[in-house]
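Peer 1: Input structure: coords.tsv, which contains TSV, C-alpha atoms.
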```
chain	number	residue	atom	x	y	z
A	1	MET	CA	16.43	-91.36	28.11
A	2	ARG	CA	14.64	-93.74	25.81
A	3	GLY	CA	15.60	-97.38	25.39
A	4	LEU	CA	18.82	-97.59	23.40
A	5	PRO	CA	18.16	-98.54	19.77
A	6	MET	CA	20.78	-99.74	17.33
A	7	PRO	CA	23.10	-97.00	16.05
A	8	THR	CA	21.83	-95.66	12.74
A	9	LEU	CA	23.99	-92.71	11.67
A	10	CYS	CA	27.72	-92.74	12.30
A	11	PHE	CA	30.27	-89.98	11.75
A	12	SER	CA	33.35	-92.20	11.62
A	13	HIS	CA	36.90	-90.83	12.01
A	14	LEU	CA	36.15	-87.79	9.85
A	15	ARG	CA	39.03	-85.50	8.97
A	16	LYS	CA	38.93	-82.37	6.83
A	17	THR	CA	41.62	-79.73	6.38
A	18	TYR	CA	41.69	-76.42	4.54
A	19	ALA	CA	45.27	-75.38	3.79
A	20	THR	CA	46.80	-75.27	7.28
A	21	ALA	CA	43.48	-75.22	9.19
A	22	VAL	CA	42.02	-78.47	10.53
A	23	ALA	CA	38.23	-78.23	10.41
A	24	SER	CA	37.55	-81.82	11.49
A	25	ASP	CA	40.12	-83.86	13.37
A	26	ASP	CA	39.30	-87.59	13.56
A	27	VAL	CA	35.73	-86.98	14.76
A	28	THR	CA	33.65	-90.05	15.61
A	29	PHE	CA	30.17	-90.23	17.13
A	30	GLU	CA	26.84	-91.98	16.54
A	31	VAL	CA	23.25	-90.74	16.34
A	32	HIS	CA	20.46	-93.17	17.16
A	33	SER	CA	17.06	-93.23	15.54
A	34	GLY	CA	14.27	-92.04	17.81
A	35	GLU	CA	16.37	-89.47	19.66
A	36	VAL	CA	17.01	-85.75	19.39
A	37	PHE	CA	20.78	-85.34	19.22
A	38	GLY	CA	22.52	-82.04	19.99
A	39	LEU	CA	25.54	-81.00	17.92
A	40	LEU	CA	27.22	-78.24	19.93
A	41	GLY	CA	30.27	-76.05	19.76
A	42	PRO	CA	31.40	-72.42	19.54
A	43	ASN	CA	31.44	-70.53	16.27
A	44	GLY	CA	34.07	-71.90	13.92
A	45	ALA	CA	34.40	-75.16	15.86
A	46	GLY	CA	33.74	-77.42	12.86
A	47	LYS	CA	30.03	-78.25	13.22
A	48	SER	CA	29.13	-76.91	9.79
A	49	THR	CA	31.96	-78.90	8.22
A	50	LEU	CA	30.52	-82.12	9.66
A	51	ILE	CA	27.05	-81.27	8.33
A	52	ARG	CA	28.41	-80.36	4.90
A	53	MET	CA	30.28	-83.65	4.70
A	54	LEU	CA	27.08	-85.51	5.56
A	55	MET	CA	25.22	-83.59	2.85
A	56	ASP	CA	28.03	-84.27	0.34
A	57	ILE	CA	28.62	-80.54	-0.13
A	58	ILE	CA	32.28	-81.19	0.68
A	59	ALA	CA	34.19	-84.48	0.81
A	60	PRO	CA	36.16	-85.62	3.86
A	61	ASP	CA	39.91	-86.14	3.50
A	62	SER	CA	39.46	-89.40	5.37
A	63	GLY	CA	36.84	-91.22	7.39
A	64	ALA	CA	33.29	-92.22	6.46
A	65	LEU	CA	29.62	-91.42	6.99
A	66	LEU	CA	27.66	-94.59	7.66
A	67	LEU	CA	23.94	-95.35	7.82
A	68	ASP	CA	23.11	-98.70	9.43
A	69	GLY	CA	26.76	-99.67	9.04
A	70	ARG	CA	27.08	-98.92	5.31
A	71	PRO	CA	28.26	-95.80	3.46
A	72	VAL	CA	25.65	-93.07	3.04
A	73	THR	CA	24.40	-93.03	-0.57
A	74	PRO	CA	22.79	-90.33	-2.74
A	75	ALA	CA	19.43	-92.09	-2.19
A	76	ASP	CA	19.97	-91.81	1.57
A	77	ARG	CA	20.65	-88.10	1.22
A	78	ASP	CA	17.30	-87.71	-0.53
A	79	ARG	CA	15.77	-88.83	2.79
A	80	ILE	CA	17.49	-85.97	4.65
A	81	GLY	CA	15.72	-82.74	5.53
A	82	TYR	CA	18.39	-80.07	6.01
A	83	LEU	CA	17.72	-76.65	7.50
A	84	PRO	CA	20.81	-74.43	7.10
A	85	GLU	CA	21.39	-71.52	9.44
A	86	GLU	CA	21.43	-69.15	6.45
A	87	ARG	CA	18.03	-68.86	4.78
A	88	GLY	CA	17.87	-70.28	1.27
A	89	LEU	CA	14.54	-68.83	0.14
A	90	TYR	CA	14.00	-67.00	-3.15
A	91	ARG	CA	13.02	-63.59	-1.82
A	92	LYS	CA	11.08	-62.34	-4.85
A	93	GLU	CA	8.96	-65.49	-5.17
A	94	LYS	CA	5.74	-66.45	-3.42
A	95	ALA	CA	6.15	-68.79	-0.46
A	96	LEU	CA	3.97	-71.54	-1.94
A	97	ASP	CA	5.89	-71.49	-5.23
A	98	VAL	CA	9.21	-71.74	-3.37
A	99	LEU	CA	7.97	-74.68	-1.32
A	100	ILE	CA	6.59	-76.52	-4.37
A	101	TYR	CA	9.97	-76.10	-6.06
A	102	PHE	CA	11.78	-77.46	-2.97
A	103	GLY	CA	9.44	-80.44	-2.85
A	104	MET	CA	9.98	-81.26	-6.51
A	105	LEU	CA	13.76	-81.11	-5.97
A	106	LYS	CA	13.23	-83.93	-3.47
A	107	GLY	CA	11.31	-86.00	-6.00
A	108	LEU	CA	7.71	-85.07	-5.17
A	109	GLU	CA	5.10	-84.63	-7.90
A	110	ARG	CA	3.92	-81.01	-8.19
A	111	ALA	CA	0.46	-81.78	-6.78
A	112	VAL	CA	1.92	-83.70	-3.87
A	113	ALA	CA	4.43	-80.91	-3.16
A	114	ARG	CA	1.62	-78.32	-3.24
A	115	ALA	CA	-0.55	-80.31	-0.82
A	116	SER	CA	2.35	-80.91	1.55
A	117	ALA	CA	3.38	-77.23	1.45
A	118	GLN	CA	-0.14	-76.07	2.24
A	119	ALA	CA	-0.43	-78.60	5.08
A	120	TRP	CA	2.81	-77.41	6.71
A	121	LEU	CA	1.90	-73.73	6.33
A	122	GLU	CA	-1.39	-74.58	8.04
A	123	ARG	CA	0.42	-76.51	10.78
A	124	PHE	CA	2.69	-73.53	11.43
A	125	GLY	CA	-0.24	-71.12	11.54
A	126	ILE	CA	0.64	-69.14	8.41
A	127	PRO	CA	-1.63	-70.44	5.60
A	128	GLU	CA	-2.16	-66.83	4.44
A	129	MET	CA	1.57	-66.62	3.63
A	130	ALA	CA	1.16	-68.99	0.66
A	131	ALA	CA	0.54	-66.17	-1.81
A	132	ARG	CA	2.92	-63.66	-0.22
A	133	ARG	CA	6.42	-62.95	-1.49
A	134	VAL	CA	9.22	-64.03	0.80
A	135	ASP	CA	10.68	-60.50	1.05
A	136	GLN	CA	7.32	-59.27	2.39
A	137	MET	CA	7.45	-61.62	5.40
A	138	SER	CA	8.86	-61.14	8.88
A	139	LYS	CA	11.99	-62.98	9.97
A	140	GLY	CA	9.93	-65.46	11.99
A	141	GLN	CA	7.55	-66.12	9.09
A	142	GLN	CA	10.47	-66.75	6.77
A	143	GLN	CA	11.94	-69.18	9.28
A	144	LYS	CA	8.69	-71.14	9.42
A	145	VAL	CA	8.57	-71.31	5.62
A	146	GLN	CA	12.17	-72.54	5.62
A	147	ILE	CA	11.32	-75.26	8.17
A	148	ALA	CA	8.25	-76.24	6.12
A	149	GLY	CA	10.55	-76.67	3.12
A	150	THR	CA	12.75	-78.97	5.19
A	151	LEU	CA	9.80	-81.23	6.06
A	152	LEU	CA	7.90	-81.36	2.76
A	153	HIS	CA	9.18	-84.77	1.66
A	154	ASP	CA	8.68	-86.42	5.08
A	155	PRO	CA	12.40	-87.00	5.72
A	156	SER	CA	13.60	-89.80	7.97
A	157	ILE	CA	16.72	-87.79	8.88
A	158	LEU	CA	16.46	-84.17	10.04
A	159	ILE	CA	19.50	-81.90	10.30
A	160	LEU	CA	18.49	-78.54	11.77
A	161	ASP	CA	20.92	-75.65	12.23
A	162	GLU	CA	19.53	-72.98	14.60
A	163	PRO	CA	15.86	-73.76	13.84
A	164	PHE	CA	14.54	-71.40	16.56
A	165	SER	CA	16.15	-68.27	15.12
A	166	GLY	CA	13.60	-65.47	14.83
A	167	LEU	CA	10.72	-67.42	16.39
A	168	ASP	CA	8.50	-66.09	19.18
A	169	PRO	CA	7.72	-68.31	22.22
A	170	ILE	CA	4.48	-69.65	20.73
A	171	ASN	CA	6.10	-70.76	17.48
A	172	THR	CA	9.15	-72.03	19.34
A	173	ALA	CA	6.81	-74.37	21.23
A	174	VAL	CA	5.29	-75.54	17.91
A	175	ILE	CA	8.72	-76.41	16.49
A	176	LYS	CA	9.80	-78.13	19.71
A	177	GLU	CA	6.72	-80.36	19.61
A	178	MET	CA	7.34	-81.11	15.93
A	179	LEU	CA	10.87	-82.29	16.75
A	180	ARG	CA	9.56	-84.51	19.54
A	181	GLU	CA	6.99	-85.99	17.16
A	182	ARG	CA	9.67	-86.77	14.58
A	183	SER	CA	11.89	-88.47	17.13
A	184	ARG	CA	8.98	-90.49	18.56
A	185	ALA	CA	8.22	-91.65	15.02
A	186	GLY	CA	11.75	-93.06	14.77
A	187	SER	CA	13.45	-90.34	12.77
A	188	ILE	CA	17.07	-89.30	13.26
A	189	VAL	CA	17.03	-85.70	14.49
A	190	VAL	CA	20.25	-83.67	14.76
A	191	LEU	CA	19.90	-80.22	16.33
A	192	SER	CA	22.76	-77.74	16.03
A	193	THR	CA	22.19	-74.68	18.20
A	194	HIS	CA	23.79	-72.27	20.67
A	195	GLN	CA	20.60	-72.13	22.74
A	196	MET	CA	21.49	-74.38	25.66
A	197	PRO	CA	18.00	-74.31	27.25
A	198	MET	CA	16.64	-75.80	24.01
A	199	VAL	CA	19.27	-78.54	24.13
A	200	GLU	CA	18.36	-79.33	27.74
A	201	ALA	CA	14.65	-79.40	26.91
A	202	LEU	CA	14.91	-81.52	23.75
A	203	CYS	CA	18.09	-83.55	23.45
A	204	ASP	CA	18.76	-87.07	24.69
A	205	ARG	CA	22.49	-87.00	23.92
A	206	VAL	CA	24.99	-84.45	22.64
A	207	ALA	CA	28.37	-84.14	20.96
A	208	MET	CA	30.46	-81.01	21.46
A	209	ILE	CA	33.04	-79.98	18.89
A	210	ASN	CA	35.85	-77.51	19.56
A	211	GLN	CA	38.66	-76.63	17.16
A	212	GLY	CA	37.64	-79.56	14.98
A	213	ARG	CA	37.84	-82.12	17.79
A	214	LEU	CA	35.21	-84.02	19.73
A	215	VAL	CA	35.55	-82.78	23.33
A	216	LEU	CA	32.29	-84.01	24.88
A	217	TYR	CA	29.93	-86.85	23.96
A	218	GLY	CA	27.19	-88.71	25.77
A	219	GLY	CA	23.81	-88.50	27.48
A	220	LEU	CA	22.85	-85.23	29.17
A	221	ASP	CA	22.41	-86.76	32.63
A	222	GLU	CA	25.74	-88.55	32.37
A	223	ILE	CA	27.49	-85.35	31.25
A	224	ARG	CA	25.98	-83.34	34.10
A	225	ARG	CA	27.12	-85.92	36.64
A	226	SER	CA	30.66	-86.23	35.32
A	227	HIS	CA	31.38	-82.60	34.35
A	228	GLY	CA	29.10	-80.43	36.44
A	229	VAL	CA	30.25	-78.56	39.55
A	230	ALA	CA	28.22	-79.53	42.62
A	231	SER	CA	26.04	-76.68	43.86
A	232	VAL	CA	22.99	-75.99	46.02
A	233	LEU	CA	20.36	-73.24	46.01
A	234	VAL	CA	19.61	-71.89	49.49
A	235	ASP	CA	17.73	-68.96	51.01
A	236	ALA	CA	20.77	-67.86	53.01
A	237	ASP	CA	23.27	-65.09	52.44
A	238	GLY	CA	27.02	-64.91	53.08
A	239	VAL	CA	26.64	-66.55	56.48
A	240	LEU	CA	27.36	-69.92	54.81
A	241	ASN	CA	30.70	-68.73	53.41
A	242	THR	CA	32.51	-69.91	56.54
A	243	LEU	CA	31.32	-73.52	56.28
A	244	PRO	CA	34.04	-76.03	55.32
A	245	ALA	CA	32.02	-77.47	52.41
A	246	VAL	CA	31.56	-74.09	50.70
A	247	GLU	CA	33.85	-72.94	47.91
A	248	ARG	CA	31.97	-69.74	47.02
A	249	MET	CA	28.48	-68.26	46.79
A	250	GLU	CA	26.72	-66.31	44.07
A	251	PRO	CA	23.33	-64.55	44.20
A	252	GLN	CA	20.66	-66.15	42.02
A	253	GLY	CA	17.43	-64.19	42.21
A	254	ALA	CA	16.08	-64.21	45.75
A	255	LEU	CA	18.30	-67.20	46.59
A	256	SER	CA	22.02	-67.89	46.71
A	257	ARG	CA	23.83	-70.57	44.77
A	258	VAL	CA	26.42	-72.34	46.87
A	259	PHE	CA	29.32	-74.01	45.04
A	260	LEU	CA	30.86	-76.89	46.97
A	261	ARG	CA	34.54	-77.62	47.41
A	262	ASP	CA	36.08	-80.61	45.64
A	263	GLY	CA	34.92	-83.80	47.30
A	264	ALA	CA	32.09	-82.13	49.25
A	265	ARG	CA	28.53	-83.34	48.76
A	266	PRO	CA	25.22	-81.56	49.30
A	267	ARG	CA	24.53	-83.71	52.39
A	268	ASP	CA	27.86	-82.51	53.86
A	269	LEU	CA	26.64	-78.93	53.52
A	270	MET	CA	23.28	-79.79	55.11
A	271	GLN	CA	25.04	-81.48	58.02
A	272	GLN	CA	27.25	-78.43	58.61
A	273	ILE	CA	24.24	-76.11	58.48
A	274	GLN	CA	22.50	-78.20	61.12
A	275	GLN	CA	25.63	-78.35	63.29
A	276	ARG	CA	25.89	-74.55	63.28
A	277	GLY	CA	22.18	-74.19	64.06
A	278	LEU	CA	21.56	-72.11	60.93
A	279	VAL	CA	18.02	-71.70	59.66
A	280	VAL	CA	17.57	-72.58	55.98
A	281	GLU	CA	14.08	-73.09	54.55
A	282	HIS	CA	15.08	-73.62	50.89
A	283	PHE	CA	17.71	-76.26	50.07
A	284	GLU	CA	17.77	-77.45	46.46
A	285	VAL	CA	20.48	-79.48	44.77
A	286	VAL	CA	21.16	-77.93	41.36
A	287	ARG	CA	22.17	-79.84	38.26
A	288	ALA	CA	24.91	-77.97	36.46
A	289	PRO	CA	23.43	-75.99	33.55
A	290	LEU	CA	24.68	-77.21	30.20
A	291	ALA	CA	25.81	-73.67	29.38
A	292	GLU	CA	28.29	-73.82	32.29
A	293	ILE	CA	29.61	-77.20	31.18
A	294	PHE	CA	29.89	-75.86	27.62
A	295	ILE	CA	31.99	-72.87	28.72
A	296	GLN	CA	34.19	-74.92	31.04
A	297	THR	CA	34.81	-77.61	28.42
A	298	VAL	CA	35.69	-75.15	25.68
A	299	ALA	CA	37.96	-73.19	28.02
A	300	ALA	CA	39.78	-76.36	29.10
A	301	ALA	CA	40.14	-77.58	25.51
A	302	THR	CA	41.59	-74.27	24.28
A	303	ALA	CA	43.84	-73.53	27.26
A	304	PRO	CA	47.52	-73.23	26.22
A	305	VAL	CA	49.85	-76.00	27.37
A	306	PRO	CA	52.41	-74.68	29.90
A	307	ARG	CA	55.95	-74.77	28.57
A	308	ALA	CA	57.15	-76.99	31.40
A	309	ALA	CA	54.39	-79.52	30.76
A	310	ALA	CA	55.07	-79.47	27.03
A	311	ALA	CA	58.78	-80.05	27.65
A	312	ASP	CA	57.94	-83.04	29.84
A	313	HIS	CA	56.19	-84.57	26.83
A	314	GLY	CA	59.00	-83.79	24.44
A	315	GLY	CA	57.10	-80.94	22.70
A	316	ALA	CA	56.99	-77.20	22.54
A	317	ALA	CA	54.28	-74.96	23.98
```
Represent the supplied structure as structure tokens.
Peer 2:
Amino acid sequence: MRGLPMPTLCFSHLRKTYATAVASDDVTFEVHSGEVFGLLGPNGAGKSTLIRMLMDIIAPDSGALLLDGRPVTPADRDRIGYLPEERGLYRKEKALDVLIYFGMLKGLERAVARASAQAWLERFGIPEMAARRVDQMSKGQQQKVQIAGTLLHDPSILILDEPFSGLDPINTAVIKEMLRERSRAGSIVVLSTHQMPMVEALCDRVAMINQGRLVLYGGLDEIRRSHGVASVLVDADGVLNTLPAVERMEPQGALSRVFLRDGARPRDLMQQIQQRGLVVEHFEVVRAPLAEIFIQTVAAATAPVPRAAAADHGGAA
């Protein structure tokens, strides 16, 4: 992880309710400039509500959005590039005309917006799309036009909701490099996605929202250490099942993934293998995939409270 800069964007004690549903329940976290920050959570968790409050599409019931310690202003929001998950392109218009319009909405002169639009279409490898109508493009081409529209005004804050949707591996790599460039230049980059491999490849820190609450927050390495289940990849089959350190085994390609019992460490497993005289040529300590931690955290956060436990706390299940 990069050197820790001063906090720049703060979601502070945000609460938002709709009738009886709580969409955001006292959510607080910070995003630093110069990092790619992952905003995670299952569908309906409250991520979109947080983004909409930042964009001033809806107002929080309480709490604040702060930039460098002061309330976010309309001028600050003009510095935001927002890519919604739902495409917002005018389907019957030519791509270049749509992009020029988007740029002018952000305060660019028409000539500047045109030049910026053409530069981004070139960068994304689709300059020939400038004169084509949006409804004549593929899903991936439309997504690249949408991303170009997000970047036209050179925003210092990027909020991207599922930016890799519809992209092939080549264009996915282009967008990943663009996000790294923006973070290296000191921008605030918030990435909301369900694609955990992308989060692991790009993000420095993450916040996970579930049922409107913040359930996980911190650096990826720290989260893996504190929430991940210890496991090892080995080239052995069920013969290891009898070792004291082993909880269970699962096949993983040509290898087996060994999950360790509570308190057991990889070196304990290696020692037991050696004591039994077992031959193992591949022994690799595995960091818990973020997808596993995601599932476990959401499951734990949504598990019903047993009636006995609830009664102990003076409540009902």
Peer 1: At a cut-off of 12 Å from (-1.4, -72.3, 13.2) in the coordinates of the file, what residues are picked up using only C-alpha atoms, written as a list in words?
Peer 2: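 Checked against the point, the hits come out as Gln118, Ala119, Trp120, Leu121, Glu122, Arg123, Phe124, Gly125, Ile126, Pro127, Glu128, Met129, Gln141, Lys144, Ile170, Asn171, Ala173, Val174 and Ile175 of chain A.
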Peer 1: Report the distance between CA of Gln271 in chain A and CA of Ser231 in chain A in Å, rounded to one decimal place.
Peer 2: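 CA of Ser231 in chain A lies at a distance of 15.0 Å from CA of Gln271 in chain A.
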Peer 1: Can you tell me how far CA of Asp135 in chain A sits from CA of Lys92 in chain A, in Å to one decimal?
Peer 2: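 A separation of 6.2 Å between them.
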Peer 1: So which one's closest to Asp68 in chain A, A:Tyr101, A:Phe37, A:Tyr82, A:Phe11? Using all atoms listed in the file, please.
Peer 2: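 So, comparing all the options, the nearest one is A:Phe11.
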Peer 1: When you draw a straight line from CA of Leu260 in chain A to CA of Arg205 in chain A, how long is it in Å?
Peer 2: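 Interatomic distance, CA of Leu260 in chain A to CA of Arg205 in chain A: 26.5 Å.
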Peer 1: Got a sec: who's within 8 Å of range 273-276 of chain A, counting only C-alpha atoms, leaving out chain neighbours fewer than 4 positions off, as a list of chain:residue names?
Peer 2: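 My reading of the contact set: A:Leu240, A:Leu243, A:Leu269, A:Val280.
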Peer 1: Ranking A:Lys47, A:Thr17, A:Leu158, A:Glu177 by minimum distance to Ala59 in chain A and counting only C-alpha atoms, which one comes first?
Peer 2: A:Thr17
Peer 1: Would you mind listing, for every residue of range 24-90 of chain A within 9 Å of range 291-298 of chain A, the two atoms forming the shortest contact and the distance between them in Å to one decimal, using all atoms listed in the file, sorted by chain and ascending residue number, as JSON lines?
Peer 2:
```
{"residue": "A:Leu40", "atom": "CA", "partner": "A:Phe294", "partner_atom": "CA", "distance": 8.5}
{"residue": "A:Gly41", "atom": "CA", "partner": "A:Phe294", "partner_atom": "CA", "distance": 7.9}
{"residue": "A:Pro42", "atom": "CA", "partner": "A:Val298", "partner_atom": "CA", "distance": 8.0}
```
Peer 1: Please return as a PyMOL selection string every residue within 10 Å of (18.4, -86.9, -2.2), taking into account all atoms listed in the file and the file's own coordinates.
Peer 2: chain A and resi 55+73-81+105-107+155
Peer 1: Output as AutoDock Vina command-line options the centre and edge lengths (Å, one decimal) of the box along x, y and z of the file that holds every listed atom of range 148-167 of chain A after adding 8 Å on each side.
Peer 2:
```
--center_x 14.4 --center_y -77.6 --center_z 9.1 --size_x 29.0 --size_y 40.3 --size_z 30.9
```
Peer 1: Given the choices A:Val239, A:Leu278, A:Val22, A:Ala115, which gets closest to Asp61 in chain A if the distance is worked out from all atoms listed in the file?
Peer 2: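 That would be A:Val22, the residue with the smallest distance to Asp61 in chain A.
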Peer 1: Pick out the residues sitting within 10 Å of Lys176 in chain A, and hand them over as a PyMOL selection string; count only C-alpha atoms, and ignore anything fewer than 4 positions along from it in its own chain.
Peer 2: chain A and resi 163-164+171-172+180-181+198+201-202
Peer 1: For Ala264 in chain A, work out the shell of residues within 12 Å, counting all atoms listed in the file and skipping chain neighbours fewer than 5 positions away, then give it as a JSON list (two decimals) with C-alpha atoms, in the coordinates of the input.
Peer 2:
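Below is the file around-v5.json, written as the result:
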```
[["chain", "number", "residue", "atom", "x", "y", "z"],
["A", 229, "VAL", "CA", 30.25, -78.56, 39.55],
["A", 230, "ALA", "CA", 28.22, -79.53, 42.62],
["A", 231, "SER", "CA", 26.04, -76.68, 43.86],
["A", 232, "VAL", "CA", 22.99, -75.99, 46.02],
["A", 243, "LEU", "CA", 31.32, -73.52, 56.28],
["A", 244, "PRO", "CA", 34.04, -76.03, 55.32],
["A", 245, "ALA", "CA", 32.02, -77.47, 52.41],
["A", 246, "VAL", "CA", 31.56, -74.09, 50.70],
["A", 247, "GLU", "CA", 33.85, -72.94, 47.91],
["A", 258, "VAL", "CA", 26.42, -72.34, 46.87],
["A", 259, "PHE", "CA", 29.32, -74.01, 45.04],
["A", 269, "LEU", "CA", 26.64, -78.93, 53.52],
["A", 270, "MET", "CA", 23.28, -79.79, 55.11],
["A", 271, "GLN", "CA", 25.04, -81.48, 58.02],
["A", 272, "GLN", "CA", 27.25, -78.43, 58.61]]
```
Peer 1: Do you know which residues are at most 10 Å from Met104 in chain A counting only C-alpha atoms, after dropping those on the same chain fewer than 4 positions away, and could you put them as a PyMOL selection string?
Peer 2: chain A and resi 99-100+108-114+152-153
Peer 1: Give the answer as one residue: which of A:Thr8, A:Ser192, A:Thr28, A:Gln143 has the shortest atom-to-atom distance to Tyr217 in chain A, using all atoms listed in the file?
Peer 2: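 Going through A:Thr8, A:Ser192, A:Thr28, A:Gln143 one by one, the smallest distance to Tyr217 in chain A is for A:Thr28.
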